[in-house]
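S.K.: Below you will find the structure I want to go over with you.
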Amino acid sequence: MRREPFGMSAGASRLQDAEHAPGGGSRYGLRDLFTPLDTLLVAGGDRRLALDPQTRVNAYGCAASPESEIWNFASSTASSISQAAYDRAALAREELVHKCLFDEVEVAFDARCEDVRDELRGHFQLSQRVDIVFSPSGTDSQLHALFLAHAVLGAPPVTIVVGADQTGSGTAYTARGRHFSSMTASGLSVRKDGAVAGLAGDSIAVPLLDAISDIAMRPDADAAVLHAVETSLAQGRRVLLQIMDSSKLGWRAPSAGCLDEIARRWPGKVQIVVDACQARLGRRRLRAYLDRGYMVLITGSKFFGGPAFSGALLVPKGLSRSLDRVGEIAPGVLDYAGRSDWPKAWAALRSRFERRPNFGQWLRWEAALAEMARYYAVPGAFRARVLTDLAAGIDNMIALSPSLRAVPAAVNKADADDEEFVQRTVFPFTLLRNGKPVSIAETGAVHRALACDVNDDFSGSTADRQVAAQRCLVGQPVRLEQPDSPAQAVLRLCAGARLVTEAWSADPAQAQRNVQQILDRIAHVLVKIELLLDRAAAVPAKSVFEV
């Protein structure tokens, strides 16, 4: 292969070579790397990443570049990118461009993706025997899990989704092997809810919300899971069981005892995948899942606070070996991955996929790794103490507010595998007026107004206007359906990795001041919610919420 001397002229020559490369593939790969970083960071995903032409934020209220003035308590949904993560993405792109001056784009990109895999394993303290499949989102990774389960089980499985009422909206489609959007991350137009060729099948939903009591986790979740598995196997079907750790409300199900029962009664007949997209679990628990042969769905964009979207499927080695025997593959999965998404060790499988570098997906993972590195650099005892202090403070503030009602935490048996996550990090609550929940529409309006400077809509005191001006992100509303009562929606305050790293200081007194500042900001958020609810009660039709 011809080598060029390093320099701008080399880059220009290399760029010309790439643009005139025969046969497609990465024809414009190098040129794409010179796209503005903000544009790349929202590329290679689905429509949820698109920036609004006027506000320049995506559907989650997040911009493509750092916004230091916005407060982030929305790590159950999405967070705005931090300066440290943005800088890491910028440096990563610069380094890849340099590599591409001396090697083919796909070769350099492949090597960088392997480096990202190694770093991710390192942060989670995983064995090199664990393989990693990258994707634009946790939703895409669910399709990858379905594809691999089909290969391992030898037949199309029925997917049993635990916590179907508290997972991503796309799961209702991916569990059945259907398109979850009208366009794939590769830019292919598809029909939403249309079959992904070779993956279409059935699913069974196991909701976690108690249908009888107020908002709480159902007490018979384990029994419901066992019944669904037993019924499906009795029908001669293979089973992909998607368990929850943790849900949008921070719940985990089924119990460890239930999983032990499944392994004892039906060895080798049920493939388990853990929905850990929230990344709110200890590293010991994560490793324990993989040691038991479970696949694990993970993202860098929830607890860790990387930019949305960055998905990955962690695959234990035992399953990886099964892939060597894969013959025909579901043709539809070709639209949901490029060659570099699969580990290099899976040479036979990789060869079926196009050379289609997804620079946006990769850069979002680079940004997420910056957050993970900062989080795990903080001593474990401090991480646990901060999450404990934040949990106590948030619980107290919600309890004291006349306009908020906390959603009860699920009762999960804590053990050493939980590490710092023995403490809750998601705090859901309903909004009240005169002791009754407000409508779903108004809850959504409050959520949108929190992310905006709405001080012009308030004519009260200077203090009220200052509160109304502060932009803050909280977890998006979660719709909760119950048979005998109107549907409700809850908002969520979230403690994420970035709050821990912001609080860290080797000086205990300074660390305590940092934690108090975070709690003061959360109190500010709750005061703004109170103001918005009062304002909405007094203003008809056209209100502050129409933003």
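Following the order of the structure tokens, chains are lettered A, B, ..., residues in each are numbered from 1, and ligands are numbered from 1.
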I'd like the neighbourhood of Leu314 (chain A) as a PDB file with N, CA and C atoms, in the first residue's frame, where a residue qualifies if any of its atoms comes within 12 Å (using only C-alpha atoms), though same-chain residues fewer than 2 positions away should be ignored.
M.R.:
```pdb
ATOM      1  N   ARG A 117     -13.385  -1.151  22.808  1.00  0.00           N
ATOM      2  CA  ARG A 117     -13.818  -2.381  23.480  1.00  0.00           C
ATOM      3  C   ARG A 117     -12.916  -2.692  24.681  1.00  0.00           C
ATOM      4  N   LEU A 120     -13.576  -0.244  27.504  1.00  0.00           N
ATOM      5  CA  LEU A 120     -14.854  -0.517  28.161  1.00  0.00           C
ATOM      6  C   LEU A 120     -14.737  -1.734  29.079  1.00  0.00           C
ATOM      7  N   ARG A 121     -14.082  -2.794  28.599  1.00  0.00           N
ATOM      8  CA  ARG A 121     -13.829  -3.952  29.468  1.00  0.00           C
ATOM      9  C   ARG A 121     -13.060  -3.536  30.716  1.00  0.00           C
ATOM     10  N   PHE A 124     -15.269  -1.766  33.338  1.00  0.00           N
ATOM     11  CA  PHE A 124     -16.178  -2.702  33.995  1.00  0.00           C
ATOM     12  C   PHE A 124     -15.440  -3.878  34.648  1.00  0.00           C
ATOM     13  N   LEU A 126     -13.915  -6.419  33.182  1.00  0.00           N
ATOM     14  CA  LEU A 126     -14.378  -7.632  32.516  1.00  0.00           C
ATOM     15  C   LEU A 126     -13.201  -8.401  31.931  1.00  0.00           C
ATOM     16  N   SER A 127     -13.373  -9.696  31.805  1.00  0.00           N
ATOM     17  CA  SER A 127     -12.393 -10.549  31.167  1.00  0.00           C
ATOM     18  C   SER A 127     -12.332 -10.260  29.671  1.00  0.00           C
ATOM     19  N   GLN A 128     -11.160 -10.504  29.088  1.00  0.00           N
ATOM     20  CA  GLN A 128     -11.024 -10.388  27.635  1.00  0.00           C
ATOM     21  C   GLN A 128     -11.906 -11.398  26.918  1.00  0.00           C
ATOM     22  N   ARG A 129     -12.414 -12.391  27.639  1.00  0.00           N
ATOM     23  CA  ARG A 129     -13.287 -13.404  27.043  1.00  0.00           C
ATOM     24  C   ARG A 129     -14.683 -12.862  26.773  1.00  0.00           C
ATOM     25  N   VAL A 130     -15.001 -11.698  27.328  1.00  0.00           N
ATOM     26  CA  VAL A 130     -16.301 -11.079  27.069  1.00  0.00           C
ATOM     27  C   VAL A 130     -16.207 -10.270  25.779  1.00  0.00           C
ATOM     28  N   ASP A 131     -17.083 -10.557  24.839  1.00  0.00           N
ATOM     29  CA  ASP A 131     -17.107  -9.824  23.573  1.00  0.00           C
ATOM     30  C   ASP A 131     -18.132  -8.703  23.637  1.00  0.00           C
ATOM     31  N   ILE A 132     -17.912  -7.683  22.808  1.00  0.00           N
ATOM     32  CA  ILE A 132     -18.758  -6.488  22.845  1.00  0.00           C
ATOM     33  C   ILE A 132     -19.207  -6.153  21.428  1.00  0.00           C
ATOM     34  N   VAL A 133     -20.522  -6.010  21.265  1.00  0.00           N
ATOM     35  CA  VAL A 133     -21.116  -5.603  19.987  1.00  0.00           C
ATOM     36  C   VAL A 133     -21.644  -4.186  20.173  1.00  0.00           C
ATOM     37  N   PHE A 134     -21.152  -3.245  19.384  1.00  0.00           N
ATOM     38  CA  PHE A 134     -21.580  -1.864  19.511  1.00  0.00           C
ATOM     39  C   PHE A 134     -22.817  -1.585  18.667  1.00  0.00           C
ATOM     40  N   SER A 135     -23.572  -0.576  19.074  1.00  0.00           N
ATOM     41  CA  SER A 135     -24.752  -0.174  18.318  1.00  0.00           C
ATOM     42  C   SER A 135     -25.042   1.294  18.608  1.00  0.00           C
ATOM     43  N   GLY A 138     -29.466   1.361  22.829  1.00  0.00           N
ATOM     44  CA  GLY A 138     -29.876   0.132  23.477  1.00  0.00           C
ATOM     45  C   GLY A 138     -30.978  -0.578  22.715  1.00  0.00           C
ATOM     46  N   SER A 141     -29.410  -2.594  20.112  1.00  0.00           N
ATOM     47  CA  SER A 141     -28.760  -3.744  20.739  1.00  0.00           C
ATOM     48  C   SER A 141     -29.760  -4.854  21.059  1.00  0.00           C
ATOM     49  N   GLN A 142     -31.008  -4.509  21.303  1.00  0.00           N
ATOM     50  CA  GLN A 142     -32.028  -5.534  21.538  1.00  0.00           C
ATOM     51  C   GLN A 142     -32.221  -6.397  20.295  1.00  0.00           C
ATOM     52  N   HIS A 144     -29.862  -6.969  18.114  1.00  0.00           N
ATOM     53  CA  HIS A 144     -28.658  -7.813  18.060  1.00  0.00           C
ATOM     54  C   HIS A 144     -28.802  -9.011  18.998  1.00  0.00           C
ATOM     55  N   ALA A 145     -29.353  -8.760  20.197  1.00  0.00           N
ATOM     56  CA  ALA A 145     -29.542  -9.853  21.164  1.00  0.00           C
ATOM     57  C   ALA A 145     -30.512 -10.894  20.620  1.00  0.00           C
ATOM     58  N   LEU A 148     -28.671 -12.975  17.994  1.00  0.00           N
ATOM     59  CA  LEU A 148     -27.733 -13.933  18.581  1.00  0.00           C
ATOM     60  C   LEU A 148     -28.465 -15.060  19.307  1.00  0.00           C
ATOM     61  N   VAL A 273     -31.178 -12.347  28.541  1.00  0.00           N
ATOM     62  CA  VAL A 273     -30.491 -11.090  28.256  1.00  0.00           C
ATOM     63  C   VAL A 273     -30.948 -10.089  29.304  1.00  0.00           C
ATOM     64  N   VAL A 274     -29.996  -9.385  29.884  1.00  0.00           N
ATOM     65  CA  VAL A 274     -30.283  -8.428  30.947  1.00  0.00           C
ATOM     66  C   VAL A 274     -30.386  -7.033  30.350  1.00  0.00           C
ATOM     67  N   ASP A 275     -31.527  -6.384  30.561  1.00  0.00           N
ATOM     68  CA  ASP A 275     -31.657  -4.986  30.169  1.00  0.00           C
ATOM     69  C   ASP A 275     -31.028  -4.137  31.272  1.00  0.00           C
ATOM     70  N   ALA A 276     -29.744  -3.848  31.092  1.00  0.00           N
ATOM     71  CA  ALA A 276     -29.021  -2.985  32.025  1.00  0.00           C
ATOM     72  C   ALA A 276     -28.669  -1.672  31.345  1.00  0.00           C
ATOM     73  N   CYS A 277     -29.535  -1.239  30.423  1.00  0.00           N
ATOM     74  CA  CYS A 277     -29.255  -0.019  29.660  1.00  0.00           C
ATOM     75  C   CYS A 277     -29.101   1.199  30.558  1.00  0.00           C
ATOM     76  N   LEU A 286     -22.696  -7.137  37.331  1.00  0.00           N
ATOM     77  CA  LEU A 286     -22.538  -7.237  35.882  1.00  0.00           C
ATOM     78  C   LEU A 286     -21.711  -8.468  35.523  1.00  0.00           C
ATOM     79  N   ARG A 287     -20.595  -8.665  36.209  1.00  0.00           N
ATOM     80  CA  ARG A 287     -19.755  -9.830  35.919  1.00  0.00           C
ATOM     81  C   ARG A 287     -20.471 -11.131  36.261  1.00  0.00           C
ATOM     82  N   TYR A 289     -23.666 -11.755  36.035  1.00  0.00           N
ATOM     83  CA  TYR A 289     -24.590 -12.062  34.941  1.00  0.00           C
ATOM     84  C   TYR A 289     -23.843 -12.744  33.792  1.00  0.00           C
ATOM     85  N   LEU A 290     -22.709 -12.174  33.413  1.00  0.00           N
ATOM     86  CA  LEU A 290     -21.950 -12.729  32.290  1.00  0.00           C
ATOM     87  C   LEU A 290     -21.412 -14.117  32.632  1.00  0.00           C
ATOM     88  N   ASP A 291     -20.985 -14.315  33.871  1.00  0.00           N
ATOM     89  CA  ASP A 291     -20.482 -15.629  34.291  1.00  0.00           C
ATOM     90  C   ASP A 291     -21.562 -16.699  34.193  1.00  0.00           C
ATOM     91  N   GLY A 293     -23.695 -16.836  31.856  1.00  0.00           N
ATOM     92  CA  GLY A 293     -24.018 -17.042  30.447  1.00  0.00           C
ATOM     93  C   GLY A 293     -25.072 -16.102  29.906  1.00  0.00           C
ATOM     94  N   TYR A 294     -25.397 -15.037  30.653  1.00  0.00           N
ATOM     95  CA  TYR A 294     -26.388 -14.076  30.185  1.00  0.00           C
ATOM     96  C   TYR A 294     -25.720 -13.051  29.264  1.00  0.00           C
ATOM     97  N   MET A 295     -26.434 -12.605  28.256  1.00  0.00           N
ATOM     98  CA  MET A 295     -26.040 -11.412  27.523  1.00  0.00           C
ATOM     99  C   MET A 295     -26.505 -10.194  28.335  1.00  0.00           C
ATOM    100  N   VAL A 296     -25.824  -9.065  28.143  1.00  0.00           N
ATOM    101  CA  VAL A 296     -26.172  -7.858  28.892  1.00  0.00           C
ATOM    102  C   VAL A 296     -26.218  -6.672  27.947  1.00  0.00           C
ATOM    103  N   LEU A 297     -27.350  -5.941  27.978  1.00  0.00           N
ATOM    104  CA  LEU A 297     -27.508  -4.698  27.232  1.00  0.00           C
ATOM    105  C   LEU A 297     -27.031  -3.548  28.106  1.00  0.00           C
ATOM    106  N   ILE A 298     -26.188  -2.681  27.546  1.00  0.00           N
ATOM    107  CA  ILE A 298     -25.635  -1.574  28.322  1.00  0.00           C
ATOM    108  C   ILE A 298     -25.594  -0.320  27.442  1.00  0.00           C
ATOM    109  N   THR A 299     -25.577   0.835  28.065  1.00  0.00           N
ATOM    110  CA  THR A 299     -25.362   2.083  27.326  1.00  0.00           C
ATOM    111  C   THR A 299     -24.396   2.963  28.116  1.00  0.00           C
ATOM    112  N   GLY A 311     -24.962   2.384  22.430  1.00  0.00           N
ATOM    113  CA  GLY A 311     -25.412   1.085  22.915  1.00  0.00           C
ATOM    114  C   GLY A 311     -24.339   0.020  22.756  1.00  0.00           C
ATOM    115  N   ALA A 312     -24.464  -1.030  23.558  1.00  0.00           N
ATOM    116  CA  ALA A 312     -23.551  -2.168  23.434  1.00  0.00           C
ATOM    117  C   ALA A 312     -24.227  -3.410  23.979  1.00  0.00           C
ATOM    118  N   PRO A 316     -21.063 -13.195  26.685  1.00  0.00           N
ATOM    119  CA  PRO A 316     -20.114 -14.114  27.336  1.00  0.00           C
ATOM    120  C   PRO A 316     -19.489 -15.055  26.325  1.00  0.00           C
ATOM    121  N   LYS A 317     -18.302 -15.530  26.643  1.00  0.00           N
ATOM    122  CA  LYS A 317     -17.522 -16.317  25.682  1.00  0.00           C
ATOM    123  C   LYS A 317     -18.239 -17.581  25.229  1.00  0.00           C
ATOM    124  N   GLY A 318     -18.972 -18.210  26.124  1.00  0.00           N
ATOM    125  CA  GLY A 318     -19.672 -19.429  25.737  1.00  0.00           C
ATOM    126  C   GLY A 318     -20.612 -19.223  24.573  1.00  0.00           C
ATOM    127  N   LEU A 319     -21.275 -18.066  24.543  1.00  0.00           N
ATOM    128  CA  LEU A 319     -22.168 -17.772  23.422  1.00  0.00           C
ATOM    129  C   LEU A 319     -21.376 -17.420  22.180  1.00  0.00           C
ATOM    130  N   SER A 320     -20.263 -16.739  22.368  1.00  0.00           N
ATOM    131  CA  SER A 320     -19.444 -16.351  21.215  1.00  0.00           C
ATOM    132  C   SER A 320     -19.027 -17.574  20.414  1.00  0.00           C
ATOM    133  N   TRP A 342     -19.068  -5.439  15.132  1.00  0.00           N
ATOM    134  CA  TRP A 342     -18.833  -6.783  15.655  1.00  0.00           C
ATOM    135  C   TRP A 342     -17.365  -6.950  16.027  1.00  0.00           C
ATOM    136  N   PRO A 343     -17.061  -7.719  17.048  1.00  0.00           N
ATOM    137  CA  PRO A 343     -15.660  -7.921  17.455  1.00  0.00           C
ATOM    138  C   PRO A 343     -14.832  -8.538  16.334  1.00  0.00           C
TER     139      PRO A 343
END
```
S.K.: Just want the 6 Å neighbourhood of region 69-77 of chain A, counted on only C-alpha atoms, with same-chain residues fewer than 2 positions away dropped. Output as a list in words.
M.R.: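 Close residues of region 69-77 of chain A: Glu67, Ser79, Lys302, Phe303, Gly305, Arg471, Cys472, Leu473, Val474, Gly475, Leu493, Cys494 and Gly496 of chain A.
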S.K.: Write out as number ranges by chain which residues come within 12 Å of Met244 (chain A) when counting only C-alpha atoms, dropping same-chain ones fewer than 6 positions away.
M.R.: A: 160-168, 206-208, 221, 225, 250-256, 259, 272-281, 289, 296-298
S.K.: Of the residues A:Ala377, A:Ala337, A:Leu526, A:Leu432, which is the one nearest to Thr501 (chain A), using only C-alpha atoms?
M.R.: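 Answer, going by the shortest atom-to-atom distance: A:Ala377.
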S.K.: Fewer than 6 positions away in the same chain doesn't count, so skip those; otherwise give me all residues within 8 Å of Tyr173 (chain A), counting only C-alpha atoms, as a list in words.
M.R.: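 Result of the neighbour search: His179, Phe180 and Asp193 of chain A.
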S.K.: Excluding Ser203 (chain A) and its own-chain neighbours fewer than 2 positions away, which residues fall within 6 Å of it when counting only C-alpha atoms? Please give them as a ChimeraX atom specification.
M.R.: /A:158-160,175-176
S.K.: Output N, CA and C atoms of each residue in that selection to a file, as a short mmCIF file (atom, residue, chain, number, x, y, z; two decimals), in the first residue's frame.
M.R.:
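Listed below is the output, again_37.cif:
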```cif
data_model
loop_
_atom_site.label_atom_id
_atom_site.label_comp_id
_atom_site.auth_asym_id
_atom_site.auth_seq_id
_atom_site.Cartn_x
_atom_site.Cartn_y
_atom_site.Cartn_z
N VAL A 158 -39.45 -16.99 21.31
CA VAL A 158 -40.43 -16.03 21.78
C VAL A 158 -39.72 -15.20 22.85
N THR A 159 -39.87 -13.88 22.79
CA THR A 159 -39.20 -13.00 23.74
C THR A 159 -40.15 -12.66 24.87
N ILE A 160 -39.75 -12.96 26.08
CA ILE A 160 -40.52 -12.59 27.27
C ILE A 160 -39.84 -11.35 27.87
N ALA A 175 -38.69 -6.67 20.47
CA ALA A 175 -38.95 -7.98 21.07
C ALA A 175 -39.62 -8.91 20.07
N ARG A 176 -40.32 -8.34 19.10
CA ARG A 176 -41.00 -9.14 18.07
C ARG A 176 -40.23 -9.14 16.75
#
```
